[in-house]
Structure formats: structure tokens, C-alpha cells
Amino acid sequence: MKNINLTALLFFLVISNINAQQEKGITGYNNWLDSWTDFQPNKQNYEEPTQILTGNISQNTTLTKRNTYLLLGDVYVTDSTTLTIEAGTVILGDYKTKGSLTISNGSKIIAEGKSTDPIIFTSSKSDKKPGDWGGLFILGDAPINTFGKVASLNYGLNPSSTENISYGGDNSNDNSGTLKYVRIEYAGKTTKDFGNISGLTLAGIGLQTNVNNVMVSYCQGNSFNVLGGDVELIQTVSYRSNENDYEFNYGAQCHIINSLAIRSPYISSPDGSRCMSIKSYDIKEKADTSKKETYVNAENLTLVNVSKDLKSDINVGLVQEAIYIGQDVKFTINKSVISGFKPAVIFDENIEINSKNLQKIKFTRLYFNNCKGNIYRKDYSNNDDLESWYGSRAFDNVYSKGPDSETFIDSNNSRFPDFRLRINKIIASNDLYDDDDD
């Protein structure tokens with residue numbers, strides 16, 4: 001690192017970390033994964049559809065648990081309408097028409113499941129596969145950093161009006177509704193020109209929108225795709241995504257707290273297969289630099305890659321980095337676990353390693369486990385400057401090579417043994433390695 005003086009910053013970090021709690025990874029006084037999550041969703045059988053949803057929903061509508069619903073084609077909630085979904089309701093995405101659901105800007109979704117009775121979006125097929133249907137889109141009028149205030153989704157959707165797929169505006173407090181105790185399974189249809197759809201796309205949604213206890217599993221695209229806006233993700237789960245677990249772009253302002261991503265090295269995409277991708281733009285010239293760059297603050301995350309033979313999978317190139325950091329972003333991650341990647345983190349090759357940029361990208365109190373390399377810059381063979389910087393005692397990061405069973409919460413913490421046991425059973429499950437992996 002060339003002549004950069006960061007003594008003052010290091011001193012501040014040392015002082016702030018002296019009395020810090022040491023719990024790392026997902027945590028909780030109760031096992032918040034119990035009851036509502038499902039890590040083997042293909043074993044579930046649901047009733048045949050009793051109601052069909054198609055076209056535009058332009059009047060306030062409630063979906064009830066006593067019915068099973070079929071999303072036929074691209075369905076839009078429009079005209080400032082509220083779609084309410086009762087706890088326990090099952091919505092099937094039609095396989096033949098690759099059904100999807102879009103909550104258009106100005107409308108709301110109120111999907112409040114219960115821990116014992118979650119709301120389920122899944123495939124209409126009995127033998128479910130990733131990409132069987134589209135996904136769920138929620139659009140709001142919170143700021144984005146592209147030129148102009150408004151953008152449109154480019155995912156091959158076919159709305160009756162472009163207003164139905166427009167997002168962005170000036171309202172950071174946008175309220176697009178609530179997702180609570182919701183599962184989204186086997187989404188991510190492949191489009192000819194736009195790649196794979198994400199399981200859950202949050203585009204320009206604001207602070208008054210609630211997203212917590214949401215699980216996206218077996219998605220052919222990204223699990224969570226946050227495009228601009230200002231949002232909190234709390235106690236979310238991404239499981240066996242083909243692309244990125246959590247993607248942030250277009251000036252997204254996001255706090256992601258107490259959340260989990262479990263990857264398999266045998267499921268990957270050339271478009272990216274990381275736990276987190278943090279970017280401010282796809283093409284720099286199309287970004288408005290007068291607007292906010294993407295900012296992600298992560299607390300108590302567990303990002304884990306589950307392998308039959310990690311060393312071998314790394315050697316043959318099946319394992320990628322856990323986190324990709326693009327240019328012109330601010331990213332902080334604290335009290336988290338990153339286990340089983342090569343390396344743990346990749347900086348974009350165009351990020352200059354200097355005091356200004358390193359103050360924007362912080363890794364503190366992390367547990368790096370079984371990673372071949374920790375924090376690198378893409379296409380650079382010598383990353384000693386970054387490894388030395390983030391390896392400083394000021395950041396209080398820990399480097400280890402041990403079983404994943406020891407990584408989820410600090411080993412000295414005995415308050416949550418049942419919680420650790422639940423995670424360890426998921427990691428150890430032979431169902432992580434089904435025939436589709438080979």
C-alpha cells in the first residue's frame with residue numbers, strides 16, 4: 001500500500017472495539033428459523049389450485065388460506081391497490097406460463113404469515129426445479145441513482161402499461177407493504193434477453209416497507225435483488241441460489257441484519273454465484289454521480305459454502321468468493337461468519353487502494369473460516385496490502401480452519417445451544433447433495 005497514513009482511523013477502530021460483544025454470525029434468544037423455514041421444499045405436496053390470478057389486480061383483494069392460488073402469466077397489482085395475503089396461503093407460480101407477481105409502484109402487498117403458518121410462493125409442478133416460475137417484484141418510489149427519477153424493470157415482463165414496471169422517485173419513506181414469514185421457492189425463470197429473474201426483487205422500496213423472516217430457496221437467479229431504495233432486511237434466508245444470494249445495485253441503501261446464506265459449489269452461474277454482490281451501477285456512464293452511491297451495512301450474517309470436499313472443489317475451480325465489492329460503494333460488515341470460499345472477498349480491480357476507499361469498506365469482528373485467501377483485489381496476484389490492513393488488531397477479525405459447527409456463534413457463548421444445533425443439522429444434511437448437484 002503506497003504511503004497511506006491511516007493511524008487515526010486505526011486508533012478509532014481499536015477504541016470502539018474494546019468492549020464489543022463477540023457473538024458472530026446469525027444469533028437470537030430464540031431459534032427464529034424454527035417452523036417457518038423449509039430446507040427440503042421438494043418433499044411438500046400442495047392442493048390443486050382453486051383460484052387463478054391473471055392480468056391486472058386493480059381492486060383491493062385478499063387471498064385466503066382456504067384457497068390455493070395459481071399465478072397464470074405475469075400478474076400485476078396496479079392502481080394503488082392493496083393485495084392482502086392471509087397467513088398459511090399457498091400461491092403457485094404456473095410452470096407453463098412462468099407466472100410472476102408484480103406489486104406496481106403505488107400499490108402494496110400485505111403478506112403477514114406466522115412462524116407456524118408461513119405464506120408460500122412455490123412451483124406448480126409436483127417435481128419442482130429451480131426456474132419453474134418467475135418471481136415476486138415489489139416496486140416503490142424511493143430514490144435510485146440512475147439519470148432521471150424513474151427506471152423500468154428489464155426482465156422480459158409484458159405489462160399492459162409501462163407504469164406497471166416503473167420504479168423510483170423521491171420518497172425514501174415509501175411504504176410498499178409487508179413481507180413477514182414468507183417463503184419463495186423454485187423461482188428464477190430464464191428469459192431470452194435478460195437472464196434469470198430473481199426470487200424477490202425490491203426496486204425503489206422505502207423505509208416504511210417491512211421485509212423480515214423471508215426465505216428464498218432453489219432460485220435459478222438471485223435470491224434477493226435490491227435495486228435502489230432504502231430498506232432493511234431482517235432475518236432473511238437464501239438457500240442454494242444459482243446466482244447471487246443478495247445483490248445490491250443502483251444506489252440501494254440497505255441494512256441487512258441477522259441473515260443467512262447457504263451456498264453449494266455444485267450450483268453456479270457464469271453471471272455470478274456469490275453470497276453478496278454490492279455495486280452502484282452496471283455501466284458507470286449511466287449512473288448519476290450526484291446521487292447516493294450504494295451503501296450496505298451488514299450485521300450478524302452467516303455466509304457459508306457447503307462442500308463434500310472443499311479442498312478439491314477449490315482446486316477444480318468450483319468455489320468463488322463470498323462477497324464482491326464494486327466501484328463507488330460503501331460497505332460495512334460486522335460480527336459475521338464467512339466460511340468455505342476462495343477468497344472470502346473480492347474487490348473490483350478498478351478500486352484504488354487508498355485511505356479514502358478503505359474508510360468506505362470495513363470488515364470488523366469477522367470470523368473467516370476455511371477460506372483460501374481472505375480479502376483480495378480481482379486479477380491482482382499480490383494482495384498483501386489488503387490482507388495486512390484488514391488483519392490488523394484494530395478490526396478484530398479472526399482467521400480459522402475448523403468445522404462449520406463452530407462458526408455460527410462464538411464458541412464461548414452457551415446461551416443458544418439449540419439454535420446452533422439447528423444450523424449444524426442443516427449443514428450436515430445429506431440432502432444438500434442431491435442428484436442435481438452432480
# chains A, B, ... in the order shown; residues from 1 in each chain; ligands from 1
$ residues_around --residues "A:Thr178" --least-positions-apart "3" --cutoff "7 Å" --atoms "only C-alpha atoms" --output "JSON, numbers by chain"
{"A": [109, 110, 111, 112, 209, 210, 211]}
$ residues_around --residues "A:Gln208" --least-positions-apart "3" --cutoff "6 Å" --atoms "only C-alpha atoms" --output "JSON, numbers by chain"
{"A": [173, 174, 175]}
$ closest_residue --among "A:Asp74, A:Glu299, A:Asp132, A:Asp313" --to "A:Glu232" --atoms "only C-alpha atoms"
A:Glu299
$ closest_residue --among "A:Asp230, A:Asp34, A:Asp282, A:Asp94" --to "A:Lys189" --atoms "only C-alpha atoms"
A:Asp94
$ select_by_dssp --residues "stretch 21-195 of chain A" --states "strand (DSSP E or B)" --output "PDB file with N, CA, C and O atoms, in the first residue's frame"
ATOM      1  N   GLN A  51     -58.178 -21.189  -7.296  1.00  0.00           N
ATOM      2  CA  GLN A  51     -58.393 -19.845  -7.832  1.00  0.00           C
ATOM      3  C   GLN A  51     -57.232 -19.500  -8.768  1.00  0.00           C
ATOM      4  O   GLN A  51     -56.084 -19.890  -8.519  1.00  0.00           O
ATOM      5  N   ILE A  52     -57.528 -18.772  -9.830  1.00  0.00           N
ATOM      6  CA  ILE A  52     -56.499 -18.334 -10.779  1.00  0.00           C
ATOM      7  C   ILE A  52     -56.334 -16.823 -10.682  1.00  0.00           C
ATOM      8  O   ILE A  52     -57.322 -16.073 -10.666  1.00  0.00           O
ATOM      9  N   LEU A  53     -55.079 -16.377 -10.624  1.00  0.00           N
ATOM     10  CA  LEU A  53     -54.747 -14.955 -10.669  1.00  0.00           C
ATOM     11  C   LEU A  53     -54.090 -14.677 -12.013  1.00  0.00           C
ATOM     12  O   LEU A  53     -53.104 -15.336 -12.379  1.00  0.00           O
ATOM     13  N   ASN A  56     -54.258  -7.929 -14.524  1.00  0.00           N
ATOM     14  CA  ASN A  56     -54.115  -6.867 -13.520  1.00  0.00           C
ATOM     15  C   ASN A  56     -55.100  -7.049 -12.371  1.00  0.00           C
ATOM     16  O   ASN A  56     -56.279  -7.349 -12.600  1.00  0.00           O
ATOM     17  N   ILE A  57     -54.624  -6.863 -11.162  1.00  0.00           N
ATOM     18  CA  ILE A  57     -55.478  -6.784  -9.981  1.00  0.00           C
ATOM     19  C   ILE A  57     -55.572  -5.315  -9.622  1.00  0.00           C
ATOM     20  O   ILE A  57     -54.606  -4.706  -9.140  1.00  0.00           O
ATOM     21  N   THR A  61     -57.774  -6.667  -2.783  1.00  0.00           N
ATOM     22  CA  THR A  61     -58.062  -8.105  -2.853  1.00  0.00           C
ATOM     23  C   THR A  61     -57.386  -8.816  -1.705  1.00  0.00           C
ATOM     24  O   THR A  61     -56.259  -8.479  -1.337  1.00  0.00           O
ATOM     25  N   THR A  62     -58.068  -9.826  -1.153  1.00  0.00           N
ATOM     26  CA  THR A  62     -57.495 -10.656  -0.096  1.00  0.00           C
ATOM     27  C   THR A  62     -57.421 -12.100  -0.575  1.00  0.00           C
ATOM     28  O   THR A  62     -58.418 -12.653  -1.066  1.00  0.00           O
ATOM     29  N   LEU A  63     -56.239 -12.691  -0.444  1.00  0.00           N
ATOM     30  CA  LEU A  63     -56.054 -14.115  -0.733  1.00  0.00           C
ATOM     31  C   LEU A  63     -56.159 -14.871   0.586  1.00  0.00           C
ATOM     32  O   LEU A  63     -55.486 -14.516   1.564  1.00  0.00           O
ATOM     33  N   THR A  68     -56.083 -22.305  -2.767  1.00  0.00           N
ATOM     34  CA  THR A  68     -54.740 -22.366  -3.342  1.00  0.00           C
ATOM     35  C   THR A  68     -54.786 -21.603  -4.658  1.00  0.00           C
ATOM     36  O   THR A  68     -55.678 -21.830  -5.485  1.00  0.00           O
ATOM     37  N   TYR A  69     -53.824 -20.696  -4.863  1.00  0.00           N
ATOM     38  CA  TYR A  69     -53.884 -19.771  -5.993  1.00  0.00           C
ATOM     39  C   TYR A  69     -52.817 -20.105  -7.030  1.00  0.00           C
ATOM     40  O   TYR A  69     -51.711 -20.542  -6.690  1.00  0.00           O
ATOM     41  N   LEU A  70     -53.161 -19.877  -8.312  1.00  0.00           N
ATOM     42  CA  LEU A  70     -52.241 -20.100  -9.425  1.00  0.00           C
ATOM     43  C   LEU A  70     -51.957 -18.770 -10.110  1.00  0.00           C
ATOM     44  O   LEU A  70     -52.884 -18.090 -10.577  1.00  0.00           O
ATOM     45  N   LEU A  71     -50.658 -18.386 -10.151  1.00  0.00           N
ATOM     46  CA  LEU A  71     -50.245 -17.204 -10.911  1.00  0.00           C
ATOM     47  C   LEU A  71     -50.105 -17.624 -12.366  1.00  0.00           C
ATOM     48  O   LEU A  71     -49.185 -18.338 -12.739  1.00  0.00           O
ATOM     49  N   ASP A  74     -47.851 -13.196 -16.213  1.00  0.00           N
ATOM     50  CA  ASP A  74     -47.389 -12.072 -15.392  1.00  0.00           C
ATOM     51  C   ASP A  74     -48.590 -11.346 -14.804  1.00  0.00           C
ATOM     52  O   ASP A  74     -49.424 -10.800 -15.539  1.00  0.00           O
ATOM     53  N   VAL A  75     -48.680 -11.335 -13.476  1.00  0.00           N
ATOM     54  CA  VAL A  75     -49.798 -10.727 -12.756  1.00  0.00           C
ATOM     55  C   VAL A  75     -49.312  -9.432 -12.117  1.00  0.00           C
ATOM     56  O   VAL A  75     -48.221  -9.390 -11.530  1.00  0.00           O
ATOM     57  N   TYR A  76     -50.132  -8.367 -12.205  1.00  0.00           N
ATOM     58  CA  TYR A  76     -49.745  -7.054 -11.687  1.00  0.00           C
ATOM     59  C   TYR A  76     -50.809  -6.527 -10.730  1.00  0.00           C
ATOM     60  O   TYR A  76     -52.010  -6.593 -11.023  1.00  0.00           O
ATOM     61  N   VAL A  77     -50.337  -5.999  -9.591  1.00  0.00           N
ATOM     62  CA  VAL A  77     -51.218  -5.288  -8.672  1.00  0.00           C
ATOM     63  C   VAL A  77     -51.038  -3.809  -8.972  1.00  0.00           C
ATOM     64  O   VAL A  77     -49.946  -3.257  -8.794  1.00  0.00           O
ATOM     65  N   THR A  82     -54.216  -2.602  -2.789  1.00  0.00           N
ATOM     66  CA  THR A  82     -53.560  -3.402  -1.761  1.00  0.00           C
ATOM     67  C   THR A  82     -53.943  -4.865  -1.924  1.00  0.00           C
ATOM     68  O   THR A  82     -55.134  -5.211  -1.963  1.00  0.00           O
ATOM     69  N   LEU A  83     -52.916  -5.706  -2.050  1.00  0.00           N
ATOM     70  CA  LEU A  83     -53.113  -7.153  -2.072  1.00  0.00           C
ATOM     71  C   LEU A  83     -52.753  -7.691  -0.697  1.00  0.00           C
ATOM     72  O   LEU A  83     -51.614  -7.591  -0.259  1.00  0.00           O
ATOM     73  N   THR A  84     -53.740  -8.268  -0.014  1.00  0.00           N
ATOM     74  CA  THR A  84     -53.541  -8.836   1.316  1.00  0.00           C
ATOM     75  C   THR A  84     -53.523 -10.361   1.204  1.00  0.00           C
ATOM     76  O   THR A  84     -54.384 -10.942   0.530  1.00  0.00           O
ATOM     77  N   ILE A  85     -52.546 -10.982   1.857  1.00  0.00           N
ATOM     78  CA  ILE A  85     -52.427 -12.445   1.803  1.00  0.00           C
ATOM     79  C   ILE A  85     -52.457 -12.990   3.224  1.00  0.00           C
ATOM     80  O   ILE A  85     -51.613 -12.625   4.054  1.00  0.00           O
ATOM     81  N   VAL A  90     -51.084 -20.510   0.111  1.00  0.00           N
ATOM     82  CA  VAL A  90     -50.141 -21.055  -0.872  1.00  0.00           C
ATOM     83  C   VAL A  90     -50.457 -20.461  -2.236  1.00  0.00           C
ATOM     84  O   VAL A  90     -51.605 -20.510  -2.703  1.00  0.00           O
ATOM     85  N   ILE A  91     -49.432 -19.889  -2.888  1.00  0.00           N
ATOM     86  CA  ILE A  91     -49.556 -19.320  -4.232  1.00  0.00           C
ATOM     87  C   ILE A  91     -48.589 -20.067  -5.136  1.00  0.00           C
ATOM     88  O   ILE A  91     -47.383 -20.105  -4.872  1.00  0.00           O
ATOM     89  N   LEU A  92     -49.105 -20.684  -6.185  1.00  0.00           N
ATOM     90  CA  LEU A  92     -48.300 -21.482  -7.107  1.00  0.00           C
ATOM     91  C   LEU A  92     -47.990 -20.666  -8.359  1.00  0.00           C
ATOM     92  O   LEU A  92     -48.896 -20.119  -8.998  1.00  0.00           O
ATOM     93  N   GLY A  93     -46.710 -20.606  -8.728  1.00  0.00           N
ATOM     94  CA  GLY A  93     -46.332 -19.989  -9.984  1.00  0.00           C
ATOM     95  C   GLY A  93     -46.476 -21.005 -11.099  1.00  0.00           C
ATOM     96  O   GLY A  93     -45.867 -22.076 -11.058  1.00  0.00           O
ATOM     97  N   SER A 100     -45.629 -14.871 -12.624  1.00  0.00           N
ATOM     98  CA  SER A 100     -44.917 -13.954 -11.736  1.00  0.00           C
ATOM     99  C   SER A 100     -45.928 -13.009 -11.106  1.00  0.00           C
ATOM    100  O   SER A 100     -47.064 -12.893 -11.581  1.00  0.00           O
ATOM    101  N   LEU A 101     -45.501 -12.326 -10.048  1.00  0.00           N
ATOM    102  CA  LEU A 101     -46.361 -11.347  -9.375  1.00  0.00           C
ATOM    103  C   LEU A 101     -45.586 -10.057  -9.179  1.00  0.00           C
ATOM    104  O   LEU A 101     -44.502 -10.059  -8.588  1.00  0.00           O
ATOM    105  N   THR A 102     -46.137  -8.949  -9.687  1.00  0.00           N
ATOM    106  CA  THR A 102     -45.513  -7.631  -9.544  1.00  0.00           C
ATOM    107  C   THR A 102     -46.444  -6.703  -8.781  1.00  0.00           C
ATOM    108  O   THR A 102     -47.606  -6.521  -9.165  1.00  0.00           O
ATOM    109  N   ILE A 103     -45.920  -6.126  -7.694  1.00  0.00           N
ATOM    110  CA  ILE A 103     -46.642  -5.093  -6.954  1.00  0.00           C
ATOM    111  C   ILE A 103     -46.159  -3.763  -7.515  1.00  0.00           C
ATOM    112  O   ILE A 103     -45.034  -3.322  -7.242  1.00  0.00           O
ATOM    113  N   LYS A 108     -49.599  -1.915  -2.824  1.00  0.00           N
ATOM    114  CA  LYS A 108     -48.993  -2.545  -1.648  1.00  0.00           C
ATOM    115  C   LYS A 108     -49.292  -4.035  -1.620  1.00  0.00           C
ATOM    116  O   LYS A 108     -50.316  -4.486  -2.130  1.00  0.00           O
ATOM    117  N   ILE A 109     -48.384  -4.756  -0.958  1.00  0.00           N
ATOM    118  CA  ILE A 109     -48.633  -6.140  -0.594  1.00  0.00           C
ATOM    119  C   ILE A 109     -48.560  -6.251   0.919  1.00  0.00           C
ATOM    120  O   ILE A 109     -47.617  -5.761   1.542  1.00  0.00           O
ATOM    121  N   ILE A 110     -49.566  -6.843   1.516  1.00  0.00           N
ATOM    122  CA  ILE A 110     -49.561  -7.111   2.958  1.00  0.00           C
ATOM    123  C   ILE A 110     -49.578  -8.631   3.111  1.00  0.00           C
ATOM    124  O   ILE A 110     -50.634  -9.266   3.085  1.00  0.00           O
ATOM    125  N   ALA A 111     -48.404  -9.200   3.215  1.00  0.00           N
ATOM    126  CA  ALA A 111     -48.253 -10.658   3.319  1.00  0.00           C
ATOM    127  C   ALA A 111     -47.646 -10.961   4.677  1.00  0.00           C
ATOM    128  O   ALA A 111     -46.428 -10.997   4.837  1.00  0.00           O
ATOM    129  N   GLU A 112     -48.492 -11.148   5.665  1.00  0.00           N
ATOM    130  CA  GLU A 112     -48.048 -11.377   7.041  1.00  0.00           C
ATOM    131  C   GLU A 112     -48.376 -12.816   7.427  1.00  0.00           C
ATOM    132  O   GLU A 112     -49.484 -13.121   7.867  1.00  0.00           O
ATOM    133  N   LYS A 114     -47.195 -16.333   9.683  1.00  0.00           N
ATOM    134  CA  LYS A 114     -46.827 -16.580  11.076  1.00  0.00           C
ATOM    135  C   LYS A 114     -45.695 -17.600  11.092  1.00  0.00           C
ATOM    136  O   LYS A 114     -45.515 -18.356  10.142  1.00  0.00           O
ATOM    137  N   ASP A 117     -47.212 -20.699  10.478  1.00  0.00           N
ATOM    138  CA  ASP A 117     -48.127 -20.731   9.333  1.00  0.00           C
ATOM    139  C   ASP A 117     -47.646 -19.732   8.275  1.00  0.00           C
ATOM    140  O   ASP A 117     -48.294 -18.721   8.019  1.00  0.00           O
ATOM    141  N   ILE A 119     -46.561 -17.931   4.656  1.00  0.00           N
ATOM    142  CA  ILE A 119     -47.096 -17.785   3.299  1.00  0.00           C
ATOM    143  C   ILE A 119     -46.079 -18.376   2.332  1.00  0.00           C
ATOM    144  O   ILE A 119     -44.872 -18.139   2.470  1.00  0.00           O
ATOM    145  N   ILE A 120     -46.548 -19.138   1.344  1.00  0.00           N
ATOM    146  CA  ILE A 120     -45.636 -19.880   0.477  1.00  0.00           C
ATOM    147  C   ILE A 120     -45.900 -19.548  -0.993  1.00  0.00           C
ATOM    148  O   ILE A 120     -47.026 -19.692  -1.478  1.00  0.00           O
ATOM    149  N   PHE A 121     -44.865 -19.097  -1.683  1.00  0.00           N
ATOM    150  CA  PHE A 121     -44.859 -18.987  -3.134  1.00  0.00           C
ATOM    151  C   PHE A 121     -43.974 -20.117  -3.655  1.00  0.00           C
ATOM    152  O   PHE A 121     -42.800 -20.202  -3.293  1.00  0.00           O
ATOM    153  N   THR A 122     -44.500 -20.964  -4.526  1.00  0.00           N
ATOM    154  CA  THR A 122     -43.708 -22.090  -4.994  1.00  0.00           C
ATOM    155  C   THR A 122     -44.147 -22.512  -6.397  1.00  0.00           C
ATOM    156  O   THR A 122     -45.035 -21.898  -7.006  1.00  0.00           O
ATOM    157  N   SER A 123     -43.515 -23.542  -6.927  1.00  0.00           N
ATOM    158  CA  SER A 123     -43.790 -24.027  -8.273  1.00  0.00           C
ATOM    159  C   SER A 123     -45.101 -24.807  -8.320  1.00  0.00           C
ATOM    160  O   SER A 123     -45.478 -25.479  -7.363  1.00  0.00           O
ATOM    161  N   LEU A 136     -41.250 -12.728  -7.458  1.00  0.00           N
ATOM    162  CA  LEU A 136     -42.047 -11.667  -6.839  1.00  0.00           C
ATOM    163  C   LEU A 136     -41.295 -10.339  -6.970  1.00  0.00           C
ATOM    164  O   LEU A 136     -40.127 -10.245  -6.599  1.00  0.00           O
ATOM    165  N   PHE A 137     -41.970  -9.322  -7.508  1.00  0.00           N
ATOM    166  CA  PHE A 137     -41.409  -7.984  -7.667  1.00  0.00           C
ATOM    167  C   PHE A 137     -42.215  -7.005  -6.824  1.00  0.00           C
ATOM    168  O   PHE A 137     -43.446  -6.987  -6.913  1.00  0.00           O
ATOM    169  N   ILE A 138     -41.515  -6.183  -6.040  1.00  0.00           N
ATOM    170  CA  ILE A 138     -42.178  -5.117  -5.296  1.00  0.00           C
ATOM    171  C   ILE A 138     -41.511  -3.807  -5.689  1.00  0.00           C
ATOM    172  O   ILE A 138     -40.297  -3.635  -5.514  1.00  0.00           O
ATOM    173  N   LEU A 139     -42.304  -2.868  -6.216  1.00  0.00           N
ATOM    174  CA  LEU A 139     -41.778  -1.625  -6.771  1.00  0.00           C
ATOM    175  C   LEU A 139     -42.282  -0.429  -5.967  1.00  0.00           C
ATOM    176  O   LEU A 139     -43.477  -0.358  -5.643  1.00  0.00           O
ATOM    177  N   THR A 146     -29.871   6.254 -10.992  1.00  0.00           N
ATOM    178  CA  THR A 146     -29.760   6.405 -12.436  1.00  0.00           C
ATOM    179  C   THR A 146     -30.231   7.811 -12.831  1.00  0.00           C
ATOM    180  O   THR A 146     -30.850   8.520 -12.035  1.00  0.00           O
ATOM    181  N   ALA A 151     -37.016   4.402 -13.324  1.00  0.00           N
ATOM    182  CA  ALA A 151     -36.492   3.389 -14.232  1.00  0.00           C
ATOM    183  C   ALA A 151     -37.553   2.313 -14.410  1.00  0.00           C
ATOM    184  O   ALA A 151     -38.559   2.272 -13.701  1.00  0.00           O
ATOM    185  N   SER A 152     -37.325   1.430 -15.366  1.00  0.00           N
ATOM    186  CA  SER A 152     -38.237   0.319 -15.611  1.00  0.00           C
ATOM    187  C   SER A 152     -37.492  -0.997 -15.484  1.00  0.00           C
ATOM    188  O   SER A 152     -36.300  -1.084 -15.805  1.00  0.00           O
ATOM    189  N   SER A 166     -42.504   0.389 -13.570  1.00  0.00           N
ATOM    190  CA  SER A 166     -41.651   1.542 -13.279  1.00  0.00           C
ATOM    191  C   SER A 166     -41.416   1.659 -11.779  1.00  0.00           C
ATOM    192  O   SER A 166     -42.288   1.341 -10.972  1.00  0.00           O
ATOM    193  N   TYR A 167     -40.238   2.126 -11.420  1.00  0.00           N
ATOM    194  CA  TYR A 167     -39.915   2.308 -10.002  1.00  0.00           C
ATOM    195  C   TYR A 167     -38.968   3.482  -9.849  1.00  0.00           C
ATOM    196  O   TYR A 167     -38.315   3.922 -10.788  1.00  0.00           O
ATOM    197  N   GLY A 177     -45.571  -2.009   1.643  1.00  0.00           N
ATOM    198  CA  GLY A 177     -46.246  -3.097   2.335  1.00  0.00           C
ATOM    199  C   GLY A 177     -45.359  -3.887   3.264  1.00  0.00           C
ATOM    200  O   GLY A 177     -44.357  -3.382   3.787  1.00  0.00           O
ATOM    201  N   THR A 178     -45.698  -5.166   3.447  1.00  0.00           N
ATOM    202  CA  THR A 178     -45.039  -6.033   4.421  1.00  0.00           C
ATOM    203  C   THR A 178     -44.869  -7.440   3.858  1.00  0.00           C
ATOM    204  O   THR A 178     -45.799  -8.005   3.277  1.00  0.00           O
ATOM    205  N   LEU A 179     -43.669  -7.983   4.034  1.00  0.00           N
ATOM    206  CA  LEU A 179     -43.426  -9.417   3.843  1.00  0.00           C
ATOM    207  C   LEU A 179     -42.899  -9.947   5.165  1.00  0.00           C
ATOM    208  O   LEU A 179     -41.846  -9.525   5.641  1.00  0.00           O
ATOM    209  N   LYS A 180     -43.622 -10.879   5.745  1.00  0.00           N
ATOM    210  CA  LYS A 180     -43.218 -11.438   7.030  1.00  0.00           C
ATOM    211  C   LYS A 180     -43.585 -12.920   7.064  1.00  0.00           C
ATOM    212  O   LYS A 180     -44.723 -13.283   6.776  1.00  0.00           O
ATOM    213  N   TYR A 181     -42.622 -13.758   7.418  1.00  0.00           N
ATOM    214  CA  TYR A 181     -42.796 -15.212   7.405  1.00  0.00           C
ATOM    215  C   TYR A 181     -43.331 -15.658   6.035  1.00  0.00           C
ATOM    216  O   TYR A 181     -44.446 -16.158   5.893  1.00  0.00           O
ATOM    217  N   VAL A 182     -42.481 -15.439   5.036  1.00  0.00           N
ATOM    218  CA  VAL A 182     -42.812 -15.768   3.656  1.00  0.00           C
ATOM    219  C   VAL A 182     -41.694 -16.632   3.068  1.00  0.00           C
ATOM    220  O   VAL A 182     -40.515 -16.361   3.282  1.00  0.00           O
ATOM    221  N   ARG A 183     -42.074 -17.681   2.326  1.00  0.00           N
ATOM    222  CA  ARG A 183     -41.112 -18.486   1.575  1.00  0.00           C
ATOM    223  C   ARG A 183     -41.349 -18.334   0.081  1.00  0.00           C
ATOM    224  O   ARG A 183     -42.503 -18.351  -0.366  1.00  0.00           O
ATOM    225  N   ILE A 184     -40.252 -18.224  -0.675  1.00  0.00           N
ATOM    226  CA  ILE A 184     -40.307 -18.137  -2.137  1.00  0.00           C
ATOM    227  C   ILE A 184     -39.401 -19.238  -2.672  1.00  0.00           C
ATOM    228  O   ILE A 184     -38.188 -19.214  -2.448  1.00  0.00           O
ATOM    229  N   GLU A 185     -39.974 -20.200  -3.381  1.00  0.00           N
ATOM    230  CA  GLU A 185     -39.248 -21.411  -3.768  1.00  0.00           C
ATOM    231  C   GLU A 185     -39.294 -21.635  -5.283  1.00  0.00           C
ATOM    232  O   GLU A 185     -40.325 -21.405  -5.915  1.00  0.00           O
ATOM    233  N   THR A 190     -35.777 -18.357 -16.765  1.00  0.00           N
ATOM    234  CA  THR A 190     -34.784 -17.861 -17.709  1.00  0.00           C
ATOM    235  C   THR A 190     -35.479 -17.076 -18.822  1.00  0.00           C
ATOM    236  O   THR A 190     -36.454 -17.542 -19.406  1.00  0.00           O
ATOM    237  N   THR A 191     -34.988 -15.852 -19.073  1.00  0.00           N
ATOM    238  CA  THR A 191     -35.511 -15.050 -20.169  1.00  0.00           C
ATOM    239  C   THR A 191     -34.480 -15.001 -21.292  1.00  0.00           C
ATOM    240  O   THR A 191     -33.275 -15.145 -21.057  1.00  0.00           O
ATOM    241  N   GLY A 195     -31.511 -12.728 -18.930  1.00  0.00           N
ATOM    242  CA  GLY A 195     -31.010 -13.676 -17.938  1.00  0.00           C
ATOM    243  C   GLY A 195     -32.127 -14.216 -17.073  1.00  0.00           C
ATOM    244  O   GLY A 195     -33.288 -14.315 -17.489  1.00  0.00           O
TER     245      GLY A 195
END
$ residues_around --residues "A:Leu386" --least-positions-apart "3" --cutoff "10 Å" --atoms "only C-alpha atoms" --output "VMD selection string"
chain A and resid 1 347 353 358 374 to 377 382 to 383 389 to 391
$ residues_around --residues "stretch 148-150 of chain A" --least-positions-apart "5" --cutoff "9 Å" --atoms "only C-alpha atoms" --output "NGL selection string"
:A and (141 or 143 or 166-170 or 288)
$ select_by_dssp --residues "stretch 113-231 of chain A" --states "helix (DSSP H, G or I)" --output "ChimeraX atom specification"
/A:162-165
$ write_last_selection --atoms "C-alpha atoms" --output "PDB file, in the first residue's frame"
ATOM      1  CA  THR A 162     -45.001   0.539 -18.668  1.00  0.00           C
ATOM      2  CA  GLU A 163     -46.222   2.239 -15.472  1.00  0.00           C
ATOM      3  CA  ASN A 164     -46.740  -1.228 -14.036  1.00  0.00           C
ATOM      4  CA  ILE A 165     -42.985  -1.938 -14.139  1.00  0.00           C
TER       5      ILE A 165
END
$ residues_around --residues "A:Ser126" --least-positions-apart "2" --cutoff "8 Å" --atoms "only C-alpha atoms" --output "compact mmCIF listing (two decimals) with N, CA and C atoms, in the first residue's frame"
# COMPACT_ATOMS: atom_id res chain seq x y z
N ASN A 42 -38.96 -29.67 -1.84
CA ASN A 42 -39.47 -30.54 -2.89
C ASN A 42 -40.25 -31.73 -2.32
N ASN A 45 -46.16 -31.43 -0.80
CA ASN A 45 -47.21 -31.52 -1.81
C ASN A 45 -48.36 -30.59 -1.41
N SER A 123 -43.52 -23.54 -6.93
CA SER A 123 -43.79 -24.03 -8.27
C SER A 123 -45.10 -24.81 -8.32
N SER A 124 -45.75 -24.75 -9.49
CA SER A 124 -46.98 -25.51 -9.69
C SER A 124 -46.71 -26.97 -10.00
N LYS A 128 -40.51 -30.26 -8.53
CA LYS A 128 -40.12 -28.87 -8.65
C LYS A 128 -38.63 -28.72 -8.97
$ residues_around --residues "stretch 254-264 of chain A" --least-positions-apart "6" --cutoff "8 Å" --atoms "only C-alpha atoms" --output "VMD selection string"
chain A and resid 25 to 27 229 to 241 245 275 295 to 307 432
$ closest_residue --among "A:Gly140, A:Pro343, A:Pro130, A:Pro403" --to "A:Asn242" --atoms "only C-alpha atoms"
A:Pro130
$ closest_residue --among "A:Val319, A:Ile205, A:Val398, A:Ile351" --to "A:Ser172" --atoms "only C-alpha atoms"
A:Ile205
$ closest_residue --among "A:Asn350, A:Thr116, A:Ser388, A:Thr201" --to "A:Asn154" --atoms "only C-alpha atoms"
A:Thr201
$ closest_residue --among "A:Ser339, A:Asn171, A:Ser35, A:Thr332" --to "A:Ile361" --atoms "only C-alpha atoms"
A:Thr332
$ atom_distance --atom1 "atom CA of A:Ile323" --atom2 "atom CA of A:Asn222"
13.7 Å
$ atom_distance --atom1 "atom CA of A:Ser355" --atom2 "atom CA of A:Cys371"
25.7 Å
